[in-house]
Amino acid sequence: MERKPTKKYQGISALLPCTAGYRLPAFFTPFLMIGEVALEVMIPLLMAALVDGGLYHEETYQLKELLSLLPIGNNLQFVLWTGGLMVLASLLSLTFGALAARTSAVASMGFAKNLRHALFERIQSFSFRNTDRFQTSSLVMRTTTDVNNLQNIYQQLLRIFVRTPVMLILAATMAFRINAELAVIFVFAIPVIAAVMYVMIRVGFKRFEVMLKKYDSMNGAVQENLIGARVVKSFVREKHEIGKFNDSADDLQKAQIHAQKLFSLANPIQLGIMWTCTLVLLALGGMKVIEPGSTLNIGDLTSLMSYSTQVISSLLMLSFLVIGLSMTKASLDRVNEIFNEELDIVSPKNSTLKVTRGEIEFDHVNFSYSNNPEVLNLKDICLNINAGETVGIIGGTGEGKSTFVQLIPRLYDVLDGAIRIDGHDVREYDLVELRDSVSMVLQKNMLFSGSIRENMRWGNPNATDEQIREACRIACADDFIMQFPEGYDTDLGQGGSNVSGGQKQRLCIARAILKQPKILILDDSTSAVDTATDERIRKGLRESLQGTTKLIIAQRIASVMYADRIIVMEHGGISDVGTHDELMQRSTIYREVYASQTKEVDA
């Protein structure tokens with residue numbers, strides 16, 4: 001088998017393809033932000049001109065040359081024209097900002113959509129072993145909360161990452177142009193803000209990572225409780241589950257407080273820096289204005305105050321962005337864990353093999369869930385199953401029956417040896433071809449939200465209503481389906497919550513029959529039906545799927561005693577293989593199981 005190499009993603013390299021289809025709005029956002037900032041920076045100059053040239057009648061304001069082009073005849077007209085330009089600049093800046101908000105929202109939401117799709121597609125490619133390495137609640141968190149965190153930071157990067165440096169450069173340039181001696185105050189604020197950012201990043205990241213893990217734990221508790229709601233109520237364990245959830249919620253609250261209390265200090269510290277700079281600038285600037293012969297006007301000081309606020313705000317905004325990036329790094333790492341997970345099972349390239357008959361061969365197969373040859377779940381399995389043969393499989397709990405059949409469609413891969421179908425190693429088949437040729441009703445039956453008809457078409461998307469009904473007749477499901485008021489259009493609810501265990505099993509068998517597979521595997525899938533219905537199902541399978549190889553795992557001897565051969569499993573190996581009569585003669589395990597079940601029936 002040719003294993004597909006897994007590309008290791010570091011940083012944001014895994015996320016770049018997710019911007020596809022939404023790069024145009026992302027491209028325009030920075031230009032809109034530059035327009036917004038440029039107009040915003042112009043407003044303090046207009047304000048200075050308004051103060052010096054209109055209110056205090058000075059002739060040394062910054063935009064004297066530009067405003068002289070306007071048809072200004074007196075002081076009132078000057079105030080109206082300059083004020084009108086300020087309003088126009090504000091409205092244009094607002095327009096650019098609103099457009100940038102929209103384009104960045106479109107780009108970030110599209111990015112999040114693509115990322116969720118990529119994550120879900122990746123998870124769908126996982127083998128059972130890959131999935132076992134993650135908690136279900138953790139996978140849900142990574143496709144929801146972690147993606148939301150990345151979406152938010154992407155939107156901020158498109159806007160703030162552009163706005164902040166542009167505002168910083170333009171506002172600082174204008175401030176130094178007005179008065180370099182006073183503007184140098186900004187320089188002293190930079191190392192203080194940098195120190196605050198450094199502490200936040202170093203300490204905050206680990207706390208945020210712990211908080212996300214607590215989210216996983218709480219979601220796991222909720223998911224487990226909802227799935228097992230009937231068991232919880234039947235054992236009257238509601239108070240216990242409420243207590244367990246409260247413990248998870250308390251742990252999460254503590255982790256959130258521990259993570260957020262550090263960042264809650266950032267805003268007051270940074271505002272303190274900003275207002276300190278403002279007060280110092282106001283004190284020094286005020287003294288400079290009243291000095292005899294000073295070139296600093298009241299309007300200049302007013303605009304300098306505005307630029308001071310813009311510069312410090314830009315530095316603060318940049319620090320918040322960096323802190324946000326550090327917090328989001330935990331989400332980025334968790335997303336990259338999904339993309340970096342090495343796939344255990346992949347399709348070979350350019351395989352054209354087809355399953356035509358359904359003959360199965362186990363050739364010295366060993367298997368371990370932990371991939372540890374010292375801890376084997378299946379040991380040296382050697383067996384040939386002929387095409388069209390019906391094989392029963394029995395054995396105690398934990399003897400490896402389900403594991404044995406799950407290796408056939410490559411839900412797991414063997415550790416040693418080989419499994420061949422029609423003479424070819426299963427690893428030589430394309431996964432879609434292989435699994436389309438095998439119908440499997442797992443031990444844990446699963447139905448999906450939607451109608452009975454929609455669930456049946458999982459077996460064959462193009463099945464006609466008559467084919468669906470025929471499959472349900474074979475599985476002894478048609479009778480109870482037709483008793484529902486809406487028949488095959490009955491909504492099953494989430495997970496088939498409104499049908500019984502036996503009904504669910506029969507629907508799953510019907511769905512498997514619809515595939516018309518070469519190999520049919522029933523993993524203890526009639527345990528919840530009565531013996532008479534079990535016999536009718538087995539008879540229907542014999543008559544309707546005569547050329548199909550059938551493997552039937554059962555706890556009841558009656559379910560497999562008429563099979564062509566019966567496999568007896570013990571301690572992860574094959575103890576014996578034979579017909580019912582042969583095993584009654586030579587297999588102690590089989591005789592004991594048969595005797596115990598016969599006594600139960602006699603009783």
# chains A, B, ... in the order shown; residues from 1 in each chain; ligands from 1

$ residues_around --residues "A:Ala249" --least-positions-apart "3" --cutoff "12 Å" --atoms "only C-alpha atoms" --output "list in words"
Met211, Lys214, Tyr215, Asp216, Ser217, Met218, Asn219, Gly220, Ala221, Val222, Ile242, Gly243, Lys244, Phe245, Asn246, Leu252, Gln253, Lys254, Ala255 and Gln256 of chain A

$ residues_around --residues "stretch 98-113 of chain A" --least-positions-apart "4" --cutoff "6 Å" --atoms "only C-alpha atoms" --output "MDAnalysis selection string"
chainID A and resid 18:19 22 25:26 29 32 151 155

$ residues_around --residues "A:Leu583" --least-positions-apart "5" --cutoff "12 Å" --atoms "only C-alpha atoms" --output "PyMOL selection string"
chain A and resi 394+557+561+565-568+575-578+588-594

$ residues_around --residues "A:Pro461" --least-positions-apart "6" --cutoff "10 Å" --atoms "only C-alpha atoms" --output "PDB file with N, CA and C atoms, in the first residue's frame"
ATOM      1  N   GLU A 454     -35.200   8.863   3.484  1.00  0.00           N
ATOM      2  CA  GLU A 454     -33.881   9.491   3.327  1.00  0.00           C
ATOM      3  C   GLU A 454     -32.783   8.636   3.954  1.00  0.00           C
ATOM      4  N   ASN A 455     -33.092   8.001   5.077  1.00  0.00           N
ATOM      5  CA  ASN A 455     -32.111   7.123   5.704  1.00  0.00           C
ATOM      6  C   ASN A 455     -31.852   5.885   4.862  1.00  0.00           C
ATOM      7  N   LEU A 514     -29.978  -2.525   0.632  1.00  0.00           N
ATOM      8  CA  LEU A 514     -30.171  -1.666  -0.540  1.00  0.00           C
ATOM      9  C   LEU A 514     -28.896  -1.481  -1.353  1.00  0.00           C
ATOM     10  N   LYS A 515     -27.734  -1.648  -0.726  1.00  0.00           N
ATOM     11  CA  LYS A 515     -26.470  -1.482  -1.451  1.00  0.00           C
ATOM     12  C   LYS A 515     -26.234  -2.628  -2.432  1.00  0.00           C
TER      13      LYS A 515
END

$ closest_residue --among "A:Ala171, A:Val365, A:Ala14, A:Val199" --to "A:Ile574" --atoms "only C-alpha atoms"
A:Val365

$ residues_around --residues "A:Ile273" --least-positions-apart "2" --cutoff "12 Å" --atoms "only C-alpha atoms" --output "PyMOL selection string"
chain A and resi 185-194+196+266-271+275-280+308-309+311-313+315-316

$ closest_residue --among "A:Lys329, A:Arg586, A:His117, A:Arg122" --to "A:Asn149" --atoms "only C-alpha atoms"
A:Lys329

$ residues_around --residues "stretch 517-529 of chain A" --least-positions-apart "3" --cutoff "9 Å" --atoms "only C-alpha atoms" --output "PyMOL selection string"
chain A and resi 355-359+387-388+401-402+405+436-445+500-503+505-506+508-509+512-514+532-534+537+545+547-556+559

$ select_by_dssp --residues "stretch 351-564 of chain A" --states "strand (DSSP E or B)" --output "ChimeraX atom specification"
/A:360-367,378-385,390-395,416-421,424-425,438-441,451,491,519-523,549-553

$ atom_distance --atom1 "atom CA of A:Met86" --atom2 "atom CA of A:Ala183"
23.6 Å

$ residues_around --residues "A:Phe128" --least-positions-apart "4" --cutoff "8 Å" --atoms "only C-alpha atoms" --output "PyMOL selection string"
chain A and resi 132+411-412

$ closest_residue --among "A:Asp489, A:Ile474, A:Arg511, A:Gly83" --to "A:Gly459" --atoms "only C-alpha atoms"
A:Arg511

$ closest_residue --among "A:His364, A:Arg23, A:Lys539, A:Lys354" --to "A:Arg435" --atoms "only C-alpha atoms"
A:Lys354

$ select_by_dssp --residues "stretch 233-455 of chain A" --states "helix (DSSP H, G or I)" --output "PyMOL selection string"
chain A and resi 233-234+238-264+266-290+298-340+401-406+426-428+431-436+452-455

$ closest_residue --among "A:Tyr198, A:Phe339, A:Phe367, A:Phe235" --to "A:Ile323" --atoms "only C-alpha atoms"
A:Tyr198

$ closest_residue --among "A:Leu157, A:Asn371, A:Ala195, A:Val140" --to "A:Asp344" --atoms "only C-alpha atoms"
A:Asn371

$ atom_distance --atom1 "atom CA of A:Leu431" --atom2 "atom CA of A:Ala118"
19.7 Å
